[in-house]
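Undergrad: The structure is given below, and queries will be raised subsequently.
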Protein chains: 2
Amino acid sequence: MQAFYNRVSQYVSTPDEVCDRIDRLRPRETDILPDEDIIRVGEVASQLFILREGWAVRYRTLEDGRRQIVNFMLPGDIFDLQALSGLEADHTVTAVTRSRILEVDAMAFVEALKSSGPFASAFWWAAVQEESILREQIVRVGRRSARERIAHLLLELHRRLTCALGGKDNNLVLPVTRSDLADALGLTPVHVSRTMSWLQSARLIEQKRGVVSIMDRDRLSRLAHFDDAYLHLRKLDLSFPPQDPDRIRRVI
Amino acid sequence: MQAFYNRVSQYVSTPDEVCDRIDRLRPRETDILPDEDIIRVGEVASQLFILREGWAVRYRTLEDGRRQIVNFMLPGDIFDLQALSGLEADHTVTAVTRSRILEVDAMAFVEALKSSGPFASAFWWAAVQEESILREQIVRVGRRSARERIAHLLLELHRRLTCALGGKDNNLVLPVTRSDLADALGLTPVHVSRTMSWLQSARLIEQKRGVVSIMDRDRLSRLAHFDDAYLHLRKLDLSFPPQDPDRIRRVI
DNA sequence: CGATTCATTGATCGAGATCAAAATTGGTGG
DNA sequence: CCACCAATTTTGATCTCGATCAATGAATCG
């Protein structure tokens, strides 16, 4: 639960209380295989999901097969708050890697929202942050060049992963294909490949088997017009753990 | 308050209760001139806004002047739920027409959320719907052609306006420039103009001084792959008003 | 009315798409 | 460990949708 705990720590001063609360909702823990659907279009979910480990994508497919990935879901992410509305999903959520999810009953979740301030606050923040990510995605595909889009997305993913998992280096483990990136960025896989090669030749990144290293963060940020602030995430500094590690480990 | 009342009626069975509640929060009513900012980047808002009349846009500007409109705000829309988080706005909201807004204090709003089920439910729905619109915007700019984008946006705006204001015809009053449309759709004004001319020559729409008429809704929907369902809005049928009109009129 | 903003039209350009083939990677089973 | 197959990535050649640049035509408004 480290990732989720880290996320919650960003939002409230008593992350333990929030995690304990989740714990008491007796969530079901499930293993998900790559390409397995978690939420399917048209279905009505009666539970929320917390991504414990692994990556997932939320996307919509057009009749003729075109696909748009709306956003990437990383460890610690909560979805779909929409479930609480009892509406049919207008999109699909699929695991891209082997994942581990927690399923929380929506009704029980609402009760927890009502009874715990920190709990409500944490999820409000999560929702606000998710919306912010969606808005940024609109700007990215609407007004940025291919180079900017890719650079910007790499920086966002790196940032989010760092905050969730607390890595300290400039390596970004990217378990997605060029096609996935293309579908997220409104480009073709071919052009994604070419553009990433260009970024590499410009010594901005280095790519090797599923890992992208950010070689020159400053120049890359400038190229992408990347603004660290928009994610509303503080950088996690793991050298000063906010709580007794033992306590963290047993949460959920 | 008709527009907001209509919107709320979509979400809950007791719209009057919700509107009364808003009323009791003693919101401040303000007139806004075209191009006047309602929310500015970097500012922390301590109130929510309800758009009573007029159109507004939410957008972000890049350093070099490129602008992306994230979404259009129409009569009856509520924004910014983000205000409740006390974070700086990462975008600007500007009126495009002369508008009338209601400002509600965020703290008082939260109290109302806690104390009234229908109230909370209504705003949860509004938030869910807004997210849905954002996702659709991502698909639109990410994976649709210029023709599809424009057709799709016109249909969405028409639908939303019909639900809020209850028009019955196929006319869409569009108080925005081609530049605004371009900035919303990730295109240039020139191409928007050309494409709309094409739609007209194909007898799909007809444009005249700030009004677009949808001539062939079916064909236009097919061209745009427009799915009526995604907005989660029921069509408002004003021939059977859900409540005594007198009552509606005095609400707020 | 001028003056300014906005929309249209025309000519040309270019970023990214498309089509196709080769190279790399990853798994699977012998 | 290697041979084989499928999926992914890369590279090359060409095309196209939408961008850009520039001029002309409405609308709108003191």
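Note on naming: chains are A, B, ... as they come in the structure tokens, residues start from 1 per chain, ligands start from 1 in the order shown.
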Which polymer residues have any atom within 10 Å of an atom of stretch 219-226 of chain B, counting only C-alpha atoms (C1' of nucleotides), with same-chain residues fewer than 5 positions away left out, as a PyMOL selection string?
TA: (chain A and resi 62-64) or (chain B and resi 140+144-156+199+202-205+214)
Undergrad: Residues of chain A that approach chain D to 10 Å or less, counting only C-alpha atoms (C1' of nucleotides): could you list each one with the shortest pair of atoms and its distance in Å to one decimal, rows by chain and increasing residue number, as CSV?
TA:
```
residue,atom,partner,partner_atom,distance
A:Thr177,CA,D:DT8,C1',7.7
A:Arg178,CA,D:DT9,C1',8.2
A:Ser179,CA,D:DT8,C1',9.3
A:Pro189,CA,D:DT9,C1',9.1
A:Val190,CA,D:DT10,C1',8.3
A:Ser193,CA,D:DT10,C1',7.3
A:Arg194,CA,D:DT10,C1',8.0
A:Ser197,CA,D:DT10,C1',9.4
```
Undergrad: May I have the residues from that selection written out with N, CA and C atoms, as a short mmCIF file (atom, residue, chain, number, x, y, z; two decimals), in the first residue's frame?
TA:
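The resulting again-v3.cif:
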```cif
data_model
loop_
_atom_site.label_atom_id
_atom_site.label_comp_id
_atom_site.auth_asym_id
_atom_site.auth_seq_id
_atom_site.Cartn_x
_atom_site.Cartn_y
_atom_site.Cartn_z
N THR A 177 3.64 0.44 -24.80
CA THR A 177 4.18 0.41 -26.16
C THR A 177 4.11 1.81 -26.79
N ARG A 178 4.79 1.94 -27.92
CA ARG A 178 4.71 3.21 -28.66
C ARG A 178 3.28 3.47 -29.10
N SER A 179 2.56 2.40 -29.37
CA SER A 179 1.15 2.53 -29.77
C SER A 179 0.33 3.14 -28.64
N PRO A 189 2.14 5.64 -33.86
CA PRO A 189 3.30 4.97 -33.25
C PRO A 189 4.58 5.30 -34.00
N VAL A 190 4.49 5.35 -35.30
CA VAL A 190 5.66 5.67 -36.11
C VAL A 190 6.25 7.02 -35.72
N SER A 193 7.89 7.01 -32.31
CA SER A 193 9.22 6.41 -32.38
C SER A 193 10.25 7.40 -32.91
N ARG A 194 9.89 8.03 -34.02
CA ARG A 194 10.80 9.00 -34.62
C ARG A 194 11.12 10.13 -33.65
N SER A 197 13.36 9.16 -30.85
CA SER A 197 14.74 9.05 -31.34
C SER A 197 15.38 10.43 -31.43
#
```
Undergrad: With all Cα atoms paired residue by residue, do a least-squares superposition of chain B on chain A and hand back the transformed coordinates as a short mmCIF file (atom, residue, chain, number, x, y, z; two decimals) with C-alpha atoms, in the first residue's frame.
TA:
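Generated file (selection_27.cif):
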```
data_model
loop_
_atom_site.label_atom_id
_atom_site.label_comp_id
_atom_site.auth_asym_id
_atom_site.auth_seq_id
_atom_site.Cartn_x
_atom_site.Cartn_y
_atom_site.Cartn_z
CA MET B 1 -0.03 -0.02 0.00
CA GLN B 2 3.02 2.21 -0.02
CA ALA B 3 1.98 4.08 -3.16
CA PHE B 4 -1.48 4.91 -1.91
CA TYR B 5 -0.14 5.88 1.48
CA ASN B 6 2.33 8.22 -0.15
CA ARG B 7 -0.39 9.80 -2.19
CA VAL B 8 -2.64 10.33 0.78
CA SER B 9 0.25 11.84 2.71
CA GLN B 10 0.30 14.59 0.12
CA TYR B 11 -3.24 15.56 0.91
CA VAL B 12 -3.79 15.21 4.64
CA SER B 13 -1.73 15.34 7.79
CA THR B 14 -3.16 12.10 9.12
CA PRO B 15 -2.68 9.59 6.30
CA ASP B 16 -2.85 6.72 8.77
CA GLU B 17 -6.37 7.56 9.71
CA VAL B 18 -7.42 7.54 6.07
CA CYS B 19 -5.68 4.24 5.34
CA ASP B 20 -7.09 2.63 8.48
CA ARG B 21 -10.51 3.68 7.34
CA ILE B 22 -10.04 2.11 3.95
CA ASP B 23 -8.81 -0.95 5.73
CA ARG B 24 -11.98 -1.19 7.75
CA LEU B 25 -14.05 -1.13 4.56
CA ARG B 26 -12.65 -4.62 3.99
CA PRO B 27 -11.70 -4.05 0.38
CA ARG B 28 -11.25 -7.02 -1.92
CA GLU B 29 -7.76 -7.38 -3.28
CA THR B 30 -7.49 -8.72 -6.81
CA ASP B 31 -4.73 -9.58 -9.21
CA ILE B 32 -5.20 -8.37 -12.75
CA LEU B 33 -3.40 -9.65 -15.81
CA PRO B 34 -2.10 -7.43 -18.60
CA ASP B 35 -4.88 -6.40 -21.02
CA GLU B 36 -7.55 -7.42 -18.59
CA ASP B 37 -10.45 -4.97 -18.31
CA ILE B 38 -11.18 -3.44 -14.93
CA ILE B 39 -14.08 -1.26 -16.04
CA ARG B 40 -15.92 -1.83 -19.30
CA VAL B 41 -17.92 0.71 -21.32
CA GLY B 42 -21.60 0.55 -20.55
CA GLU B 43 -21.20 -1.24 -17.28
CA VAL B 44 -22.37 0.22 -14.01
CA ALA B 45 -19.76 -0.22 -11.33
CA SER B 46 -20.84 -0.43 -7.73
CA GLN B 47 -17.34 -0.20 -6.38
CA LEU B 48 -14.30 2.02 -6.50
CA PHE B 49 -10.83 0.82 -7.29
CA ILE B 50 -7.49 1.69 -5.84
CA LEU B 51 -4.53 0.75 -7.93
CA ARG B 52 -2.06 -0.82 -5.60
CA GLU B 53 0.54 -1.91 -8.12
CA GLY B 54 0.87 -1.74 -11.87
CA TRP B 55 -0.28 0.55 -14.65
CA ALA B 56 -3.69 0.90 -16.25
CA VAL B 57 -5.16 3.07 -18.99
CA ARG B 58 -8.54 4.69 -19.34
CA TYR B 59 -9.59 4.99 -22.99
CA ARG B 60 -12.40 5.33 -25.47
CA THR B 61 -12.59 3.60 -28.82
CA LEU B 62 -14.32 5.07 -31.86
CA GLU B 63 -16.40 2.91 -34.19
CA ASP B 64 -13.63 2.68 -36.77
CA GLY B 65 -11.04 1.51 -34.28
CA ARG B 66 -9.33 4.76 -33.48
CA ARG B 67 -8.48 4.81 -29.80
CA GLN B 68 -7.83 7.69 -27.44
CA ILE B 69 -6.24 7.05 -24.09
CA VAL B 70 -7.72 9.61 -21.72
CA ASN B 71 -5.18 9.11 -18.98
CA PHE B 72 -2.74 6.71 -17.42
CA MET B 73 -3.46 5.30 -14.01
CA LEU B 74 -0.46 4.73 -11.79
CA PRO B 75 0.07 3.05 -8.41
CA GLY B 76 -1.86 4.87 -5.72
CA ASP B 77 -4.52 6.21 -8.06
CA ILE B 78 -8.18 5.95 -7.14
CA PHE B 79 -10.89 5.45 -9.71
CA ASP B 80 -13.72 5.80 -10.63
CA LEU B 81 -15.34 8.35 -8.39
CA GLN B 82 -17.99 8.30 -11.11
CA ALA B 83 -19.05 4.91 -9.78
CA LEU B 84 -20.76 6.70 -6.92
CA SER B 85 -23.22 8.20 -9.37
CA GLY B 86 -24.56 4.87 -10.56
CA LEU B 87 -24.05 5.82 -14.19
CA GLU B 88 -22.83 3.59 -16.98
CA ALA B 89 -19.15 4.01 -17.69
CA ASP B 90 -18.48 5.90 -20.91
CA HIS B 91 -14.99 4.45 -21.21
CA THR B 92 -12.93 1.38 -20.53
CA VAL B 93 -10.16 0.88 -17.99
CA THR B 94 -7.64 -1.83 -18.81
CA ALA B 95 -4.51 -2.98 -17.05
CA VAL B 96 -1.34 -2.63 -19.09
CA THR B 97 0.85 -4.55 -16.70
CA ARG B 98 0.12 -7.22 -14.17
CA SER B 99 -1.62 -5.21 -11.48
CA ARG B 100 -3.06 -5.45 -8.04
CA ILE B 101 -6.22 -3.56 -7.25
CA LEU B 102 -8.37 -2.94 -4.22
CA GLU B 103 -12.12 -2.94 -4.74
CA VAL B 104 -14.09 -0.83 -2.29
CA ASP B 105 -17.85 -0.95 -2.08
CA ALA B 106 -19.28 2.39 -3.20
CA MET B 107 -21.93 2.55 -0.48
CA ALA B 108 -19.44 1.88 2.28
CA PHE B 109 -17.15 4.42 0.72
CA VAL B 110 -19.80 7.12 0.84
CA GLU B 111 -20.38 6.36 4.50
CA ALA B 112 -16.70 6.82 5.19
CA LEU B 113 -16.76 10.09 3.28
CA LYS B 114 -19.52 11.35 5.52
CA SER B 115 -18.05 10.23 8.80
CA SER B 116 -14.41 11.18 8.38
CA GLY B 117 -13.18 14.67 7.54
CA PRO B 118 -9.64 13.64 6.58
CA PHE B 119 -11.07 10.84 4.47
CA ALA B 120 -13.37 13.17 2.57
CA SER B 121 -10.62 15.70 2.22
CA ALA B 122 -8.18 13.17 0.81
CA PHE B 123 -10.58 12.03 -1.86
CA TRP B 124 -11.63 15.51 -2.72
CA TRP B 125 -7.99 16.30 -3.38
CA ALA B 126 -7.59 13.19 -5.44
CA ALA B 127 -10.56 14.21 -7.59
CA VAL B 128 -9.27 17.76 -8.00
CA GLN B 129 -5.89 16.46 -9.02
CA GLU B 130 -7.37 14.05 -11.51
CA GLU B 131 -9.32 16.85 -13.14
CA SER B 132 -6.17 18.88 -13.32
CA ILE B 133 -4.44 16.04 -15.14
CA LEU B 134 -7.33 15.80 -17.57
CA ARG B 135 -7.16 19.53 -18.32
CA GLU B 136 -3.45 19.31 -18.91
CA GLN B 137 -4.03 16.41 -21.28
CA ILE B 138 -6.42 18.60 -23.26
CA VAL B 139 -3.81 21.32 -23.58
CA ARG B 140 -1.21 18.75 -24.53
CA VAL B 141 -3.10 17.18 -27.41
CA GLY B 142 -4.79 20.42 -28.43
CA ARG B 143 -1.92 22.86 -28.65
CA ARG B 144 1.43 21.17 -28.38
CA SER B 145 3.75 19.81 -31.06
CA ALA B 146 4.70 16.16 -31.14
CA ARG B 147 8.03 16.84 -29.43
CA GLU B 148 6.39 18.88 -26.72
CA ARG B 149 3.67 16.31 -26.19
CA ILE B 150 6.07 13.46 -25.67
CA ALA B 151 8.48 15.43 -23.51
CA HIS B 152 5.60 16.73 -21.45
CA LEU B 153 4.02 13.34 -20.90
CA LEU B 154 7.34 11.76 -19.95
CA LEU B 155 7.90 14.48 -17.38
CA GLU B 156 4.40 14.11 -15.99
CA LEU B 157 4.65 10.36 -15.65
CA HIS B 158 8.05 10.61 -14.06
CA ARG B 159 6.78 13.14 -11.58
CA ARG B 160 3.71 11.17 -10.67
CA LEU B 161 5.66 7.96 -10.27
CA THR B 162 8.27 9.68 -8.16
CA CYS B 163 5.56 11.01 -5.88
CA ALA B 164 3.84 7.66 -5.62
CA LEU B 165 6.82 5.34 -5.40
CA GLY B 166 9.52 7.70 -4.27
CA GLY B 167 12.26 6.98 -6.80
CA LYS B 168 15.12 9.40 -6.66
CA ASP B 169 16.77 8.99 -10.04
CA ASN B 170 15.91 10.15 -13.50
CA ASN B 171 14.84 6.77 -14.75
CA LEU B 172 11.27 6.24 -15.84
CA VAL B 173 10.09 2.66 -16.14
CA LEU B 174 7.69 2.79 -19.07
CA PRO B 175 5.77 -0.47 -19.45
CA VAL B 176 3.74 0.77 -22.42
CA THR B 177 4.18 0.40 -26.15
CA ARG B 178 4.72 3.19 -28.66
CA SER B 179 1.16 2.51 -29.75
CA ASP B 180 -0.12 3.26 -26.29
CA LEU B 181 1.85 6.49 -26.16
CA ALA B 182 0.55 7.37 -29.61
CA ASP B 183 -3.04 6.74 -28.55
CA ALA B 184 -2.54 8.92 -25.51
CA LEU B 185 -0.95 11.75 -27.44
CA GLY B 186 -3.03 11.79 -30.61
CA LEU B 187 -0.09 10.66 -32.76
CA THR B 188 0.93 7.54 -34.67
CA PRO B 189 3.31 4.96 -33.23
CA VAL B 190 5.70 5.64 -36.08
CA HIS B 191 5.90 9.30 -35.26
CA VAL B 192 6.29 8.60 -31.55
CA SER B 193 9.24 6.37 -32.35
CA ARG B 194 10.83 8.98 -34.58
CA THR B 195 10.29 11.78 -32.12
CA MET B 196 11.69 9.83 -29.21
CA SER B 197 14.74 9.03 -31.31
CA TRP B 198 15.10 12.73 -31.95
CA LEU B 199 14.87 13.49 -28.24
CA GLN B 200 17.58 10.93 -27.69
CA SER B 201 19.84 12.32 -30.40
CA ALA B 202 19.38 15.74 -28.79
CA ARG B 203 20.72 14.20 -25.56
CA LEU B 204 17.49 14.98 -23.71
CA ILE B 205 16.54 11.39 -22.95
CA GLU B 206 18.01 7.94 -23.31
CA GLN B 207 15.87 4.93 -24.07
CA LYS B 208 16.66 1.32 -23.36
CA ARG B 209 14.27 -1.63 -23.12
CA GLY B 210 11.24 -0.23 -21.34
CA VAL B 211 13.13 2.44 -19.46
CA VAL B 212 13.53 6.08 -20.36
CA SER B 213 16.21 8.11 -18.62
CA ILE B 214 15.80 11.82 -18.44
CA MET B 215 19.27 13.08 -19.26
CA ASP B 216 18.65 16.80 -19.14
CA ARG B 217 15.60 17.59 -17.08
CA ASP B 218 15.95 21.37 -17.41
CA ARG B 219 16.20 21.44 -21.16
CA LEU B 220 13.45 18.86 -21.50
CA SER B 221 11.17 20.90 -19.23
CA ARG B 222 11.85 24.00 -21.23
CA LEU B 223 11.17 22.24 -24.50
CA ALA B 224 7.87 20.92 -23.13
CA HIS B 225 6.93 24.08 -21.23
CA PHE B 226 6.43 21.71 -18.35
CA ASP B 227 5.20 23.33 -15.19
CA ASP B 228 5.93 21.32 -12.08
CA ALA B 229 3.21 23.10 -10.17
CA TYR B 230 0.18 21.95 -12.10
CA LEU B 231 0.05 18.50 -10.62
CA HIS B 232 -0.38 19.98 -7.16
CA LEU B 233 1.99 17.31 -5.89
CA ARG B 234 4.74 17.88 -3.46
CA LYS B 235 7.91 15.97 -4.11
CA LEU B 236 8.18 13.04 -1.81
CA ASP B 237 11.37 12.99 0.18
CA LEU B 238 11.84 9.46 1.41
CA SER B 239 14.93 10.23 3.39
CA PHE B 240 12.62 11.71 6.02
CA PRO B 241 9.71 9.27 6.21
CA PRO B 242 6.66 11.07 7.53
CA GLN B 243 5.77 8.13 9.76
CA ASP B 244 7.25 5.16 11.46
CA PRO B 245 8.01 2.72 8.59
CA ASP B 246 6.58 -0.19 10.55
CA ARG B 247 3.27 1.50 10.73
CA ILE B 248 3.27 2.17 7.03
CA ARG B 249 3.96 -1.42 6.20
CA ARG B 250 1.01 -2.80 8.07
CA VAL B 251 -1.49 -0.36 6.65
CA ILE B 252 -3.76 -2.39 4.39
#
```
Undergrad: Determine the nearest neighbour of chain B from the options C:DC1, C:DA21, C:DT9, C:DT28, counting only C-alpha atoms (C1' of nucleotides).
TA: C:DT9
Undergrad: When the cut-off is 12 Å and we count only C-alpha atoms (C1' of nucleotides), which residues of chain C are near chain A, given as a PDB file with N, CA and C atoms (P, O5', C5', C4', C3', O3' and C1' of nucleotides), in the first residue's frame?
TA:
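The result, written out as selection00.pdb:
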```
ATOM      1  P    DA C  15       7.779  21.427 -40.037  1.00  0.00           P
ATOM      2  O5'  DA C  15       6.899  20.751 -38.902  1.00  0.00           O
ATOM      3  C5'  DA C  15       5.720  21.398 -38.465  1.00  0.00           C
ATOM      4  C4'  DA C  15       4.652  20.379 -38.179  1.00  0.00           C
ATOM      5  C3'  DA C  15       5.113  19.177 -37.367  1.00  0.00           C
ATOM      6  O3'  DA C  15       4.076  18.876 -36.451  1.00  0.00           O
ATOM      7  C1'  DA C  15       4.299  18.438 -39.488  1.00  0.00           C
ATOM      8  P    DG C  16       4.282  17.799 -35.314  1.00  0.00           P
ATOM      9  O5'  DG C  16       3.564  16.528 -35.926  1.00  0.00           O
ATOM     10  C5'  DG C  16       2.182  16.613 -36.258  1.00  0.00           C
ATOM     11  C4'  DG C  16       1.816  15.502 -37.203  1.00  0.00           C
ATOM     12  C3'  DG C  16       2.106  14.072 -36.735  1.00  0.00           C
ATOM     13  O3'  DG C  16       0.870  13.379 -36.761  1.00  0.00           O
ATOM     14  C1'  DG C  16       2.748  14.364 -38.980  1.00  0.00           C
ATOM     15  P    DA C  17       0.644  11.821 -36.651  1.00  0.00           P
ATOM     16  O5'  DA C  17       0.188  11.438 -38.138  1.00  0.00           O
ATOM     17  C5'  DA C  17      -0.952  12.076 -38.672  1.00  0.00           C
ATOM     18  C4'  DA C  17      -1.368  11.404 -39.967  1.00  0.00           C
ATOM     19  C3'  DA C  17      -1.541   9.890 -39.870  1.00  0.00           C
ATOM     20  O3'  DA C  17      -2.688   9.507 -40.624  1.00  0.00           O
ATOM     21  C1'  DA C  17       0.188  10.414 -41.437  1.00  0.00           C
ATOM     22  P    DT C  18      -3.207   8.020 -40.636  1.00  0.00           P
ATOM     23  O5'  DT C  18      -2.481   7.394 -41.914  1.00  0.00           O
ATOM     24  C5'  DT C  18      -2.643   8.015 -43.166  1.00  0.00           C
ATOM     25  C4'  DT C  18      -1.799   7.297 -44.196  1.00  0.00           C
ATOM     26  C3'  DT C  18      -1.862   5.761 -44.122  1.00  0.00           C
ATOM     27  O3'  DT C  18      -2.251   5.294 -45.397  1.00  0.00           O
ATOM     28  C1'  DT C  18       0.373   6.516 -44.276  1.00  0.00           C
ATOM     29  P    DC C  19      -2.749   3.772 -45.603  1.00  0.00           P
ATOM     30  O5'  DC C  19      -1.472   3.115 -46.307  1.00  0.00           O
ATOM     31  C5'  DC C  19      -0.875   3.786 -47.411  1.00  0.00           C
ATOM     32  C4'  DC C  19       0.429   3.118 -47.773  1.00  0.00           C
ATOM     33  C3'  DC C  19       0.436   1.598 -47.582  1.00  0.00           C
ATOM     34  O3'  DC C  19       0.981   1.021 -48.753  1.00  0.00           O
ATOM     35  C1'  DC C  19       2.293   2.568 -46.508  1.00  0.00           C
ATOM     36  P    DT C  24      19.282  -4.628 -35.888  1.00  0.00           P
ATOM     37  O5'  DT C  24      18.525  -4.783 -34.499  1.00  0.00           O
ATOM     38  C5'  DT C  24      17.475  -3.900 -34.233  1.00  0.00           C
ATOM     39  C4'  DT C  24      16.543  -4.338 -33.165  1.00  0.00           C
ATOM     40  C3'  DT C  24      17.066  -5.291 -32.095  1.00  0.00           C
ATOM     41  O3'  DT C  24      16.991  -4.602 -30.846  1.00  0.00           O
ATOM     42  C1'  DT C  24      14.915  -5.924 -32.887  1.00  0.00           C
ATOM     43  P    DT C  25      17.455  -5.263 -29.483  1.00  0.00           P
ATOM     44  O5'  DT C  25      16.096  -5.915 -28.962  1.00  0.00           O
ATOM     45  C5'  DT C  25      14.934  -5.100 -28.836  1.00  0.00           C
ATOM     46  C4'  DT C  25      13.753  -5.955 -28.424  1.00  0.00           C
ATOM     47  C3'  DT C  25      14.046  -6.931 -27.271  1.00  0.00           C
ATOM     48  O3'  DT C  25      13.199  -6.607 -26.191  1.00  0.00           O
ATOM     49  C1'  DT C  25      12.861  -7.992 -29.047  1.00  0.00           C
ATOM     50  P    DG C  26      13.280  -7.405 -24.854  1.00  0.00           P
ATOM     51  O5'  DG C  26      12.146  -8.512 -25.009  1.00  0.00           O
ATOM     52  C5'  DG C  26      10.903  -8.182 -25.634  1.00  0.00           C
ATOM     53  C4'  DG C  26       9.988  -9.382 -25.564  1.00  0.00           C
ATOM     54  C3'  DG C  26      10.328 -10.332 -24.418  1.00  0.00           C
ATOM     55  O3'  DG C  26       9.103 -10.816 -23.874  1.00  0.00           O
ATOM     56  C1'  DG C  26      10.465 -11.489 -26.485  1.00  0.00           C
TER      57       DG C  26
END
```
Undergrad: Just asking: which residues within stretch 7-211 of chain A are helix (DSSP H, G or I) according to DSSP, as a ChimeraX atom specification?
TA: /A:7-11,15-24,81-85,106-115,117-143,146-165,178-185,189-201
Undergrad: Which parts of stretch 90-120 of chain A does DSSP call strand (DSSP E) when run on the backbone here, written out as a list in words?
TA: Thr92, Val93, Thr94, Ala95, Ser99, Arg100, Ile101, Leu102, Glu103, Val104 and Asp105 of chain A
